[in-house]
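A.B. asks: Just one file: upload-v6.cif, with mmCIF, C-alpha atoms, pLDDT in the B column; chains and numbers go by the auth columns.
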```cif
data_entry
#
loop_
_atom_site.group_PDB
_atom_site.id
_atom_site.type_symbol
_atom_site.label_atom_id
_atom_site.label_comp_id
_atom_site.label_asym_id
_atom_site.label_seq_id
_atom_site.Cartn_x
_atom_site.Cartn_y
_atom_site.Cartn_z
_atom_site.B_iso_or_equiv
_atom_site.auth_seq_id
_atom_site.auth_asym_id
ATOM 1 C CA MET A 1 47.606 -10.685 3.544 50.00 232 B
ATOM 2 C CA ASN A 2 49.741 -11.543 6.535 50.00 233 B
ATOM 3 C CA ASP A 3 51.179 -8.290 7.859 57.00 234 B
ATOM 4 C CA GLU A 4 50.448 -4.633 8.365 52.00 235 B
ATOM 5 C CA ARG A 5 52.468 -3.612 5.311 52.00 236 B
ATOM 6 C CA SER A 6 50.368 -5.710 2.969 88.00 237 B
ATOM 7 C CA SER A 7 47.138 -4.448 4.522 90.00 238 B
ATOM 8 C CA SER A 8 48.330 -0.928 3.768 91.00 239 B
ATOM 9 C CA ALA A 9 48.884 -1.991 0.157 92.00 240 B
ATOM 10 C CA VAL A 10 45.317 -3.315 0.054 93.00 241 B
ATOM 11 C CA ARG A 11 44.021 0.077 1.178 94.00 242 B
ATOM 12 C CA ASP A 12 46.082 1.733 -1.547 94.00 243 B
ATOM 13 C CA GLN A 13 44.563 -0.641 -4.080 93.00 244 B
ATOM 14 C CA ILE A 14 41.033 0.230 -2.992 95.00 245 B
ATOM 15 C CA ALA A 15 41.897 3.929 -3.146 95.00 246 B
ATOM 16 C CA ALA A 16 43.174 3.367 -6.696 95.00 247 B
ATOM 17 C CA ALA A 17 39.884 1.666 -7.562 94.00 248 B
ATOM 18 C CA LEU A 18 38.036 4.744 -6.277 95.00 249 B
ATOM 19 C CA ASP A 19 40.208 6.883 -8.552 95.00 250 B
ATOM 20 C CA GLU A 20 39.361 4.595 -11.470 94.00 251 B
ATOM 21 C CA MET A 21 35.681 4.946 -10.647 94.00 252 B
ATOM 22 C CA GLU A 22 35.958 8.731 -10.802 93.00 253 B
ATOM 23 C CA GLN A 23 37.734 8.536 -14.174 91.00 254 B
ATOM 24 C CA ARG A 24 35.066 6.203 -15.541 90.00 255 B
ATOM 25 C CA LEU A 25 32.342 8.558 -14.329 90.00 256 B
ATOM 26 C CA HIS A 26 33.917 11.347 -16.387 87.00 257 B
ATOM 27 C CA GLY A 27 34.126 8.885 -19.264 85.00 258 B
ATOM 28 C CA LEU A 28 30.344 8.691 -19.320 84.00 259 B
ATOM 29 C CA LEU A 29 30.303 12.279 -20.514 84.00 260 B
ATOM 30 C CA ASP A 30 32.803 11.596 -23.295 79.00 261 B
ATOM 31 C CA SER A 31 31.027 11.665 -26.642 65.00 262 B
ATOM 32 C CA LYS A 32 33.299 8.882 -27.915 70.00 263 B
ATOM 33 C CA GLY A 33 32.564 6.524 -25.043 64.00 264 B
ATOM 34 C CA ARG A 34 30.034 3.693 -25.078 75.00 265 B
ATOM 35 C CA VAL A 35 27.614 4.511 -22.283 78.00 266 B
ATOM 36 C CA ALA A 36 26.007 1.093 -21.718 74.00 267 B
ATOM 37 C CA GLU A 37 29.352 -0.706 -21.509 79.00 268 B
ATOM 38 C CA GLU A 38 30.936 1.939 -19.298 83.00 269 B
ATOM 39 C CA THR A 39 27.950 1.942 -16.973 83.00 270 B
ATOM 40 C CA HIS A 40 28.158 -1.836 -16.620 82.00 271 B
ATOM 41 C CA ALA A 41 31.895 -1.595 -15.851 87.00 272 B
ATOM 42 C CA LEU A 42 31.243 1.142 -13.288 89.00 273 B
ATOM 43 C CA ARG A 43 28.603 -0.846 -11.435 87.00 274 B
ATOM 44 C CA LYS A 44 30.793 -3.946 -11.429 87.00 275 B
ATOM 45 C CA LEU A 45 33.719 -1.919 -10.087 91.00 276 B
ATOM 46 C CA GLY A 46 31.465 -0.449 -7.406 91.00 277 B
ATOM 47 C CA LYS A 47 30.494 -3.909 -6.136 88.00 278 B
ATOM 48 C CA SER A 48 34.153 -4.860 -5.806 89.00 279 B
ATOM 49 C CA ILE A 49 34.957 -1.610 -4.004 93.00 280 B
ATOM 50 C CA ARG A 50 32.128 -2.151 -1.524 92.00 281 B
ATOM 51 C CA GLY A 51 33.644 -5.525 -0.653 90.00 282 B
ATOM 52 C CA GLY A 52 36.955 -3.821 0.064 92.00 283 B
ATOM 53 C CA LEU A 53 35.305 -1.119 2.171 94.00 284 B
ATOM 54 C CA ASN A 54 33.466 -3.724 4.223 93.00 285 B
ATOM 55 C CA LEU A 55 36.755 -5.543 4.668 93.00 286 B
ATOM 56 C CA PHE A 56 38.077 -2.553 6.615 94.00 287 B
ATOM 57 C CA GLY A 57 34.810 -1.979 8.450 92.00 288 B
ATOM 58 C CA LEU A 58 34.145 1.487 7.068 93.00 289 B
ATOM 59 C CA PRO A 59 31.059 3.400 8.264 92.00 290 B
ATOM 60 C CA LYS A 60 27.850 2.420 6.500 91.00 291 B
ATOM 61 C CA SER A 61 27.538 5.934 5.096 92.00 292 B
ATOM 62 C CA ALA A 62 30.818 5.499 3.190 93.00 293 B
ATOM 63 C CA VAL A 63 29.776 2.123 1.788 93.00 294 B
ATOM 64 C CA ARG A 64 26.285 3.350 0.920 92.00 295 B
ATOM 65 C CA ALA A 65 27.811 6.241 -1.026 92.00 296 B
ATOM 66 C CA ILE A 66 29.242 3.753 -3.541 93.00 297 B
ATOM 67 C CA GLY A 67 25.943 1.875 -3.688 89.00 298 B
ATOM 68 C CA ALA A 68 24.143 5.166 -4.301 90.00 299 B
ATOM 69 C CA ILE A 69 26.282 5.797 -7.378 90.00 300 B
ATOM 70 C CA GLY A 70 25.362 2.359 -8.689 85.00 301 B
ATOM 71 C CA ARG A 71 21.664 3.086 -8.214 85.00 302 B
ATOM 72 C CA LEU A 72 22.068 6.489 -9.841 83.00 303 B
ATOM 73 C CA LEU A 73 23.406 4.790 -12.947 80.00 304 B
ATOM 74 C CA GLY A 74 21.114 1.818 -12.647 74.00 305 B
ATOM 75 C CA GLY A 75 18.061 2.965 -14.582 70.00 306 B
ATOM 76 C CA PRO A 76 19.382 2.797 -18.134 67.00 307 B
ATOM 77 C CA ARG A 77 21.525 -0.265 -17.423 72.00 308 B
ATOM 78 C CA ASP A 78 18.592 -2.077 -15.844 83.00 309 B
ATOM 79 C CA ALA A 79 16.679 -1.554 -19.084 86.00 310 B
ATOM 80 C CA VAL A 80 19.392 -3.507 -20.911 85.00 311 B
ATOM 81 C CA SER A 81 19.340 -6.225 -18.235 89.00 312 B
ATOM 82 C CA ARG A 82 15.559 -6.577 -18.516 93.00 313 B
ATOM 83 C CA ARG A 83 15.859 -7.004 -22.271 94.00 314 B
ATOM 84 C CA THR A 84 18.535 -9.669 -21.757 94.00 315 B
ATOM 85 C CA THR A 85 16.319 -11.480 -19.241 96.00 316 B
ATOM 86 C CA TRP A 86 13.470 -11.392 -21.727 97.00 317 B
ATOM 87 C CA GLN A 87 15.683 -12.742 -24.500 96.00 318 B
ATOM 88 C CA ARG A 88 16.735 -15.651 -22.290 95.00 319 B
ATOM 89 C CA LEU A 89 13.086 -16.626 -21.902 96.00 320 B
ATOM 90 C CA ALA A 90 13.089 -17.039 -25.718 94.00 321 B
ATOM 91 C CA LEU A 91 9.388 -16.264 -26.126 95.00 322 B
ATOM 92 C CA SER A 92 9.917 -13.888 -29.042 91.00 323 B
ATOM 93 C CA GLU A 93 11.511 -16.642 -31.135 89.00 324 B
ATOM 94 C CA GLY A 94 9.150 -19.464 -30.177 85.00 325 B
ATOM 95 C CA PRO A 95 5.609 -20.476 -31.018 91.00 326 B
ATOM 96 C CA HIS A 96 4.207 -17.623 -28.889 93.00 327 B
ATOM 97 C CA ALA A 97 6.082 -14.876 -30.766 91.00 328 B
ATOM 98 C CA ALA A 98 2.927 -13.452 -32.326 92.00 329 B
ATOM 99 C CA GLU A 99 0.891 -13.469 -29.110 95.00 330 B
ATOM 100 C CA THR A 100 -0.045 -9.869 -28.334 96.00 331 B
ATOM 101 C CA SER A 101 1.479 -9.647 -24.840 97.00 332 B
ATOM 102 C CA VAL A 102 4.730 -11.240 -26.029 97.00 333 B
ATOM 103 C CA ALA A 103 4.977 -8.840 -28.965 96.00 334 B
ATOM 104 C CA ALA A 104 4.123 -5.806 -26.821 97.00 335 B
ATOM 105 C CA ILE A 105 6.610 -6.667 -24.069 97.00 336 B
ATOM 106 C CA GLY A 106 9.431 -7.289 -26.530 96.00 337 B
ATOM 107 C CA ALA A 107 8.831 -4.017 -28.360 96.00 338 B
ATOM 108 C CA LEU A 108 8.609 -1.957 -25.168 95.00 339 B
ATOM 109 C CA LEU A 109 11.755 -3.513 -23.709 95.00 340 B
ATOM 110 C CA GLU A 110 13.622 -2.754 -26.920 92.00 341 B
ATOM 111 C CA GLN A 111 12.505 0.863 -26.778 91.00 342 B
ATOM 112 C CA HIS A 112 13.581 1.220 -23.131 88.00 343 B
ATOM 113 C CA ALA A 113 16.942 -0.447 -23.782 86.00 344 B
ATOM 114 C CA ARG A 114 17.790 2.130 -26.436 82.00 345 B
ATOM 115 C CA SER A 115 17.651 4.774 -23.700 73.00 346 B
ATOM 116 C CA ALA A 116 20.707 3.128 -22.114 68.00 347 B
ATOM 117 C CA ALA A 117 22.810 4.895 -24.755 70.00 348 B
ATOM 118 C CA ARG A 118 21.886 8.308 -23.365 77.00 349 B
ATOM 119 C CA ARG A 119 24.534 10.096 -21.321 83.00 350 B
ATOM 120 C CA PRO A 120 23.722 11.168 -17.756 85.00 351 B
ATOM 121 C CA PRO A 121 23.497 14.898 -16.980 88.00 352 B
ATOM 122 C CA GLY A 122 26.752 16.467 -15.849 90.00 353 B
ATOM 123 C CA GLN A 123 25.144 17.462 -12.544 93.00 354 B
ATOM 124 C CA THR A 124 24.676 13.811 -11.579 91.00 355 B
ATOM 125 C CA ILE A 125 28.365 13.114 -12.196 92.00 356 B
ATOM 126 C CA THR A 126 29.256 16.043 -9.930 93.00 357 B
ATOM 127 C CA TRP A 127 26.992 14.624 -7.215 93.00 358 B
ATOM 128 C CA ALA A 128 28.658 11.213 -7.584 93.00 359 B
ATOM 129 C CA GLU A 129 32.100 12.800 -7.225 92.00 360 B
ATOM 130 C CA VAL A 130 31.083 14.252 -3.867 93.00 361 B
ATOM 131 C CA ARG A 131 30.072 10.768 -2.727 93.00 362 B
ATOM 132 C CA LEU A 132 33.429 9.386 -3.845 94.00 363 B
ATOM 133 C CA ARG A 133 35.312 12.065 -1.903 93.00 364 B
ATOM 134 C CA HIS A 134 33.384 11.132 1.236 94.00 365 B
ATOM 135 C CA THR A 135 34.300 7.464 0.843 95.00 366 B
ATOM 136 C CA ARG A 136 37.932 8.213 0.003 95.00 367 B
ATOM 137 C CA ALA A 137 38.269 10.381 3.114 95.00 368 B
ATOM 138 C CA ALA A 138 36.773 7.681 5.351 95.00 369 B
ATOM 139 C CA LEU A 139 39.163 5.090 3.933 96.00 370 B
ATOM 140 C CA GLY A 140 42.177 7.351 4.414 95.00 371 B
ATOM 141 C CA ALA A 141 41.184 8.188 8.001 95.00 372 B
ATOM 142 C CA ILE A 142 41.848 4.661 9.298 95.00 373 B
ATOM 143 C CA PRO A 143 45.083 4.690 11.335 94.00 374 B
ATOM 144 C CA GLU A 144 47.833 2.639 9.718 92.00 375 B
ATOM 145 C CA GLU A 145 48.279 0.464 12.780 92.00 376 B
ATOM 146 C CA HIS A 146 44.589 -0.568 12.731 93.00 377 B
ATOM 147 C CA LEU A 147 44.441 -1.759 9.141 94.00 378 B
ATOM 148 C CA PHE A 148 45.633 -5.330 9.618 93.00 379 B
ATOM 149 C CA LEU A 149 43.314 -6.186 12.506 93.00 380 B
ATOM 150 C CA ARG A 150 40.381 -4.505 10.778 94.00 381 B
ATOM 151 C CA ALA A 151 40.949 -6.510 7.619 93.00 382 B
ATOM 152 C CA GLU A 152 41.331 -9.757 9.526 93.00 383 B
ATOM 153 C CA LYS A 153 38.124 -9.134 11.455 94.00 384 B
ATOM 154 C CA GLY A 154 36.301 -7.865 8.385 94.00 385 B
ATOM 155 C CA LEU A 155 37.087 -10.917 6.271 94.00 386 B
ATOM 156 C CA LYS A 156 35.794 -13.252 8.970 95.00 387 B
ATOM 157 C CA LYS A 157 32.631 -11.195 9.306 95.00 388 B
ATOM 158 C CA LEU A 158 31.991 -11.228 5.550 95.00 389 B
ATOM 159 C CA ARG A 159 32.453 -14.990 5.337 96.00 390 B
ATOM 160 C CA LYS A 160 30.221 -15.536 8.358 96.00 391 B
ATOM 161 C CA LYS A 161 27.497 -13.482 6.694 96.00 392 B
ATOM 162 C CA VAL A 162 27.718 -15.578 3.518 97.00 393 B
ATOM 163 C CA ARG A 163 27.338 -18.790 5.519 96.00 394 B
ATOM 164 C CA ALA A 164 24.365 -17.395 7.454 96.00 395 B
ATOM 165 C CA ASN A 165 22.646 -16.293 4.254 96.00 396 B
ATOM 166 C CA LEU A 166 23.315 -19.677 2.666 96.00 397 B
ATOM 167 C CA ARG A 167 21.450 -21.302 5.546 94.00 398 B
ATOM 168 C CA SER A 168 18.582 -18.830 5.190 94.00 399 B
ATOM 169 C CA ILE A 169 17.710 -19.864 1.635 95.00 400 B
ATOM 170 C CA VAL A 170 17.300 -23.461 2.769 91.00 401 B
ATOM 171 C CA THR A 171 14.402 -22.534 5.041 89.00 402 B
ATOM 172 C CA GLU A 172 13.120 -19.428 3.222 85.00 403 B
ATOM 173 C CA HIS A 173 12.914 -19.307 -0.568 78.00 404 B
ATOM 174 C CA GLY A 174 11.772 -15.710 -0.948 84.00 405 B
ATOM 175 C CA GLU A 175 13.092 -12.954 -3.161 88.00 406 B
ATOM 176 C CA HIS A 176 14.862 -11.130 -0.330 92.00 407 B
ATOM 177 C CA GLU A 177 16.734 -14.210 0.915 94.00 408 B
ATOM 178 C CA PHE A 178 18.207 -14.924 -2.514 96.00 409 B
ATOM 179 C CA HIS A 179 19.025 -11.258 -3.090 94.00 410 B
ATOM 180 C CA ASP A 180 20.715 -10.865 0.310 95.00 411 B
ATOM 181 C CA LEU A 181 22.777 -13.988 -0.314 97.00 412 B
ATOM 182 C CA ARG A 182 23.982 -12.651 -3.648 95.00 413 B
ATOM 183 C CA LYS A 183 24.982 -9.331 -2.063 92.00 414 B
ATOM 184 C CA ALA A 184 26.852 -11.147 0.720 94.00 415 B
ATOM 185 C CA ILE A 185 28.755 -13.346 -1.738 96.00 416 B
ATOM 186 C CA LYS A 186 29.631 -10.380 -3.945 92.00 417 B
ATOM 187 C CA ALA A 187 30.959 -8.431 -0.937 91.00 418 B
ATOM 188 C CA TRP A 188 33.039 -11.398 0.231 94.00 419 B
ATOM 189 C CA LEU A 189 34.432 -12.056 -3.249 94.00 420 B
ATOM 190 C CA GLY A 190 35.231 -8.344 -3.605 91.00 421 B
ATOM 191 C CA ALA A 191 37.191 -8.418 -0.358 92.00 422 B
ATOM 192 C CA LEU A 192 39.089 -11.521 -1.459 92.00 423 B
ATOM 193 C CA HIS A 193 39.931 -9.837 -4.744 90.00 424 B
ATOM 194 C CA HIS A 194 41.510 -6.871 -2.997 90.00 425 B
ATOM 195 C CA LEU A 195 43.503 -9.249 -0.797 90.00 426 B
ATOM 196 C CA GLY A 196 44.826 -11.086 -3.839 88.00 427 B
ATOM 197 C CA LEU A 197 42.962 -14.226 -2.821 89.00 428 B
ATOM 198 C CA ALA A 198 40.457 -16.270 -4.785 85.00 429 B
ATOM 199 C CA ALA A 199 37.546 -18.480 -3.818 89.00 430 B
ATOM 200 C CA ASP A 200 36.642 -21.572 -5.794 92.00 431 B
ATOM 201 C CA GLU A 201 35.364 -20.400 -9.198 93.00 432 B
ATOM 202 C CA ARG A 202 32.163 -22.341 -8.559 95.00 433 B
ATOM 203 C CA VAL A 203 31.246 -19.790 -5.889 96.00 434 B
ATOM 204 C CA GLY A 204 31.274 -17.087 -8.557 94.00 435 B
ATOM 205 C CA GLN A 205 29.156 -19.280 -10.822 96.00 436 B
ATOM 206 C CA PHE A 206 26.734 -19.783 -7.923 97.00 437 B
ATOM 207 C CA ALA A 207 26.524 -15.989 -7.503 96.00 438 B
ATOM 208 C CA ASP A 208 25.713 -15.695 -11.205 96.00 439 B
ATOM 209 C CA LEU A 209 22.751 -18.060 -10.726 97.00 440 B
ATOM 210 C CA LEU A 210 21.570 -15.869 -7.871 97.00 441 B
ATOM 211 C CA GLY A 211 21.931 -12.901 -10.192 95.00 442 B
ATOM 212 C CA ASP A 212 19.676 -14.612 -12.732 96.00 443 B
ATOM 213 C CA VAL A 213 17.059 -15.104 -10.010 96.00 444 B
ATOM 214 C CA ASN A 214 17.286 -11.432 -9.054 94.00 445 B
ATOM 215 C CA ASP A 215 16.950 -10.410 -12.709 95.00 446 B
ATOM 216 C CA LEU A 216 13.751 -12.447 -13.007 97.00 447 B
ATOM 217 C CA HIS A 217 12.288 -10.899 -9.852 95.00 448 B
ATOM 218 C CA VAL A 218 13.144 -7.419 -11.157 93.00 449 B
ATOM 219 C CA PHE A 219 11.615 -8.303 -14.522 96.00 450 B
ATOM 220 C CA ALA A 220 8.443 -9.579 -12.835 97.00 451 B
ATOM 221 C CA ALA A 221 8.123 -6.264 -10.969 96.00 452 B
ATOM 222 C CA TRP A 222 8.539 -4.462 -14.303 96.00 453 B
ATOM 223 C CA LEU A 223 5.753 -6.543 -15.853 97.00 454 B
ATOM 224 C CA ASP A 224 3.393 -5.594 -13.037 97.00 455 B
ATOM 225 C CA ALA A 225 4.376 -1.932 -13.133 96.00 456 B
ATOM 226 C CA HIS A 226 3.696 -1.726 -16.875 97.00 457 B
ATOM 227 C CA GLY A 227 0.278 -3.366 -16.792 97.00 458 B
ATOM 228 C CA PHE A 228 1.324 -6.845 -17.881 98.00 459 B
ATOM 229 C CA VAL A 229 -0.310 -8.513 -14.875 97.00 460 B
ATOM 230 C CA ARG A 230 -0.773 -12.259 -14.675 97.00 461 B
ATOM 231 C CA SER A 231 -4.389 -12.259 -15.764 96.00 462 B
ATOM 232 C CA LEU A 232 -3.623 -10.240 -18.909 97.00 463 B
ATOM 233 C CA ALA A 233 -0.239 -11.744 -19.843 97.00 464 B
ATOM 234 C CA PRO A 234 -0.318 -15.405 -18.685 97.00 465 B
ATOM 235 C CA ILE A 235 2.223 -16.700 -21.215 97.00 466 B
ATOM 236 C CA PRO A 236 5.139 -14.442 -20.128 97.00 467 B
ATOM 237 C CA TRP A 237 4.327 -15.030 -16.464 98.00 468 B
ATOM 238 C CA ARG A 238 4.317 -18.788 -16.935 97.00 469 B
ATOM 239 C CA ALA A 239 7.758 -18.570 -18.544 97.00 470 B
ATOM 240 C CA VAL A 240 9.038 -16.469 -15.632 98.00 471 B
ATOM 241 C CA ASP A 241 7.630 -18.885 -13.041 97.00 472 B
ATOM 242 C CA GLU A 242 9.087 -21.931 -14.765 97.00 473 B
ATOM 243 C CA LYS A 243 12.525 -20.354 -15.120 97.00 474 B
ATOM 244 C CA LEU A 244 12.523 -19.200 -11.497 96.00 475 B
ATOM 245 C CA ALA A 245 11.551 -22.658 -10.265 96.00 476 B
ATOM 246 C CA ALA A 246 14.354 -24.272 -12.287 97.00 477 B
ATOM 247 C CA LEU A 247 16.973 -21.800 -11.067 97.00 478 B
ATOM 248 C CA LYS A 248 15.961 -22.104 -7.425 96.00 479 B
ATOM 249 C CA HIS A 249 16.080 -25.896 -7.665 96.00 480 B
ATOM 250 C CA GLU A 250 19.617 -25.677 -9.087 97.00 481 B
ATOM 251 C CA ILE A 251 20.697 -23.217 -6.396 97.00 482 B
ATOM 252 C CA LEU A 252 19.306 -25.248 -3.512 96.00 483 B
ATOM 253 C CA HIS A 253 20.909 -28.396 -4.903 96.00 484 B
ATOM 254 C CA ALA A 254 24.306 -26.636 -5.012 97.00 485 B
ATOM 255 C CA GLU A 255 23.987 -24.894 -1.632 96.00 486 B
ATOM 256 C CA PRO A 256 25.635 -27.609 0.547 96.00 487 B
ATOM 257 C CA SER A 257 28.748 -27.829 -1.640 96.00 488 B
ATOM 258 C CA VAL A 258 29.029 -24.037 -1.883 97.00 489 B
ATOM 259 C CA ARG A 259 28.810 -23.752 1.895 95.00 490 B
ATOM 260 C CA LYS A 260 31.749 -26.175 2.167 94.00 491 B
ATOM 261 C CA MET A 261 33.752 -24.119 -0.322 95.00 492 B
ATOM 262 C CA VAL A 262 33.102 -20.929 1.616 95.00 493 B
ATOM 263 C CA SER A 263 34.060 -22.563 4.911 90.00 494 B
ATOM 264 C CA ALA A 264 37.289 -23.890 3.401 88.00 495 B
ATOM 265 C CA ALA A 265 38.353 -20.598 1.827 79.00 496 B
#
```
As structure tokens, please, write out the structure in this file.
C.D. replies:
Amino acid sequence: MNDERSSSAVRDQIAAALDEMEQRLHGLLDSKGRVAEETHALRKLGKSIRGGLNLFGLPKSAVRAIGAIGRLLGGPRDAVSRRTTWQRLALSEGPHAAETSVAAIGALLEQHARSAARRPPGQTITWAEVRLRHTRAALGAIPEEHLFLRAEKGLKKLRKKVRANLRSIVTEHGEHEFHDLRKAIKAWLGALHHLGLAADERVGQFADLLGDVNDLHVFAAWLDAHGFVRSLAPIPWRAVDEKLAALKHEILHAEPSVRKMVSAA
């Protein structure tokens, strides 16, 4: 993007993505559609759109509206993600497969994942459409002559936030630091996508590692919430802890090179 005309085209592209999101929302009610796959595509599209909205510095309410739709659809999809996280731990196929907590967790996750095939009520789709209209109106309200400078400023701000969050995980290794870094990278990559630019593919791979960490934290919260506390289910918790430690080591080892990639983009 190097002129006001191209920045206008970027806005049109984001508006088209909002239209696609609305169409996909209606698709969730189509009896021939595959709900789990469509929900995943919708949430992925929403993350990209939020990057574009942040690029133009839209009000937080407009950006949050897209995030709210993702959370609305998140319950069933999260059940599938938890099952995938569990499968990656490979406890159900190993020597601990018959252990009671392992068997119980696997069976319950499978039951919950089947709910991902259920279609959302039509009223929730209507509510989501209202949110989309709010965001679309905010995007269209930006004066044409302000688009280029907004995008230029927005891209710098998004990259600066990624770099700051990269530094934060070096000193703080908590759940929130890793999660905030992933959100910042996803927003920056979404903005680049709408601009027709691309970061080094290793940045996307780094974000995927952060996503795996977030999935494990979410899974750990699920274990607690469903009574599988550490004292009663030590084998699953040990697997979670070991996987988290390995992922965080890999992430921290890659952090300096990723920071260089982000700075050079």
A.B. asks: Looking at B:Leu483, B:Leu284, B:Val449, B:Leu303, which one is nearest to B:Thr402, with distances taken over all atoms listed in the file?
C.D. replies: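 Checking each candidate against B:Thr402, we get B:Leu483 as the closest.
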A.B. asks: Pick out the closest residue to B:Gly277 from this set: B:Lys392, B:Arg295, B:His407, B:His343. Count only C-alpha atoms.
C.D. replies: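 Result for the nearest residue to B:Gly277: B:Arg295.
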A.B. asks: Written as JSON, numbers by chain, which residues does the PyMOL selection byres ((chain B and resi 418-423) around 8) give for the file shown?
C.D. replies: {"B": [278, 279, 280, 281, 282, 283, 284, 285, 286, 386, 389, 390, 393, 414, 415, 416, 417, 424, 425, 426, 427, 428, 429, 430, 435]}
A.B. asks: Could you list, with a cut-off of 12 Å and counting only C-alpha atoms, the residues of stretch 304-381 of chain B near stretch 473-481 of chain B, each shown with its nearest atom pair and the distance in Å rounded to one decimal, rows sorted by chain and ascending number, as CSV?
C.D. replies:
```
residue,atom,partner,partner_atom,distance
B:Thr316,CA,B:Lys474,CA,10.5
B:Trp317,CA,B:Lys474,CA,11.2
B:Arg319,CA,B:Lys474,CA,9.6
B:Leu320,CA,B:Lys474,CA,7.8
B:Ala321,CA,B:Lys474,CA,11.1
```
A.B. asks: Out of B:Lys491, B:His484, B:His457, B:Arg469, which residue has the shortest atom-to-atom distance to B:Ala335 when counting all atoms listed in the file?
C.D. replies: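 Between B:Lys491, B:His484, B:His457, B:Arg469, the residue approaching B:Ala335 most closely is B:His457.
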A.B. asks: Check which residues satisfy the PyMOL selection byres ((chain B and resi 354-367) around 10) in the file shown, then give them as a PyMOL selection string.
C.D. replies: chain B and resi 245-247+249-250+252-254+256-257+259-260+284+289-301+303-304+351-353+368-372
A.B. asks: For the provided coordinates, the residues matched by the PyMOL selection byres ((chain B and resi 489) around 10) should be stated as a ChimeraX atom specification.
C.D. replies: /B:394,397,431,433-435,437,482-488,490-495
A.B. asks: Which residue is closest to B:Asp455? Choose from B:Ile336, B:Arg349, B:Glu403, B:Glu324 and count all atoms listed in the file.
C.D. replies: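 Looking at the shortest contact to B:Asp455, the residue is B:Ile336.
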A.B. asks: Counting only C-alpha atoms, I want the residues whose atoms come within 9 Å of (20.0, -10.0, -8.0) in the file frame, returned as a PyMOL selection string.
C.D. replies: chain B and resi 406+409-411+413-414+438-449
A.B. asks: Produce a file of the selected residues containing C-alpha atoms, as an mmCIF file, in the frame of the given file.
C.D. replies:
```
data_model
loop_
_atom_site.group_PDB
_atom_site.id
_atom_site.type_symbol
_atom_site.label_atom_id
_atom_site.label_comp_id
_atom_site.auth_asym_id
_atom_site.auth_seq_id
_atom_site.Cartn_x
_atom_site.Cartn_y
_atom_site.Cartn_z
ATOM 1 C CA GLU B 406 13.092 -12.954 -3.161
ATOM 2 C CA PHE B 409 18.207 -14.924 -2.514
ATOM 3 C CA HIS B 410 19.025 -11.258 -3.090
ATOM 4 C CA ASP B 411 20.715 -10.865 0.310
ATOM 5 C CA ARG B 413 23.982 -12.651 -3.648
ATOM 6 C CA LYS B 414 24.982 -9.331 -2.063
ATOM 7 C CA ALA B 438 26.524 -15.989 -7.503
ATOM 8 C CA ASP B 439 25.713 -15.695 -11.205
ATOM 9 C CA LEU B 440 22.751 -18.060 -10.726
ATOM 10 C CA LEU B 441 21.570 -15.869 -7.871
ATOM 11 C CA GLY B 442 21.931 -12.901 -10.192
ATOM 12 C CA ASP B 443 19.676 -14.612 -12.732
ATOM 13 C CA VAL B 444 17.059 -15.104 -10.010
ATOM 14 C CA ASN B 445 17.286 -11.432 -9.054
ATOM 15 C CA ASP B 446 16.950 -10.410 -12.709
ATOM 16 C CA LEU B 447 13.751 -12.447 -13.007
ATOM 17 C CA HIS B 448 12.288 -10.899 -9.852
ATOM 18 C CA VAL B 449 13.144 -7.419 -11.157
#
```
A.B. asks: Enter the distance from atom CA of B:Glu341 to atom CA of B:Leu276, in Å, rounded to one decimal.
C.D. replies: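 Rounded to one decimal, the two atoms are 26.2 Å apart.
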A.B. asks: Which residue, B:Arg381, B:Gly288, B:Phe450, B:Ala470, has the smallest gap to B:Arg314 when you use only C-alpha atoms?
C.D. replies: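 Residue with the minimum atom-to-atom distance to B:Arg314: B:Phe450.
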A.B. asks: In Å to one decimal, how far is atom CA of B:Glu408 from atom CA of B:Leu454?
C.D. replies: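 According to the coordinates, atom CA of B:Leu454 and atom CA of B:Glu408 are separated by 21.5 Å.
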A.B. asks: Measuring between only C-alpha atoms, which one of B:Ile373, B:Arg350, B:Lys275, B:Arg308 shows the shortest distance to B:Arg242?
C.D. replies: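 Checking each of B:Ile373, B:Arg350, B:Lys275, B:Arg308 against B:Arg242, counting only C-alpha atoms, the winner is B:Ile373.
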A.B. asks: Take atom CA of B:Ser399 and atom CA of B:Glu383 and report the distance between them in Å, one decimal.
C.D. replies: 24.9 Å
A.B. asks: Return stretch 315-321 of chain B, completed with N, CA and C atoms, as a compact mmCIF listing (two decimals), in the frame of the given file.
C.D. replies:
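Saved to selection21.txt:
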```
# COMPACT_ATOMS: atom_id res chain seq x y z
N THR B 315 17.77 -8.43 -21.74
CA THR B 315 18.54 -9.67 -21.76
C THR B 315 17.76 -10.80 -21.07
N THR B 316 17.13 -10.48 -19.94
CA THR B 316 16.32 -11.48 -19.24
C THR B 316 15.18 -11.97 -20.14
N TRP B 317 14.56 -11.05 -20.81
CA TRP B 317 13.47 -11.39 -21.73
C TRP B 317 13.97 -12.29 -22.86
N GLN B 318 15.12 -11.95 -23.40
CA GLN B 318 15.68 -12.74 -24.50
C GLN B 318 16.00 -14.17 -24.05
N ARG B 319 16.43 -14.32 -22.81
CA ARG B 319 16.74 -15.65 -22.29
C ARG B 319 15.48 -16.51 -22.15
N LEU B 320 14.34 -15.87 -21.97
CA LEU B 320 13.09 -16.63 -21.90
C LEU B 320 12.68 -17.16 -23.28
N ALA B 321 13.23 -16.56 -24.33
CA ALA B 321 13.09 -17.04 -25.72
C ALA B 321 11.64 -17.10 -26.20
```
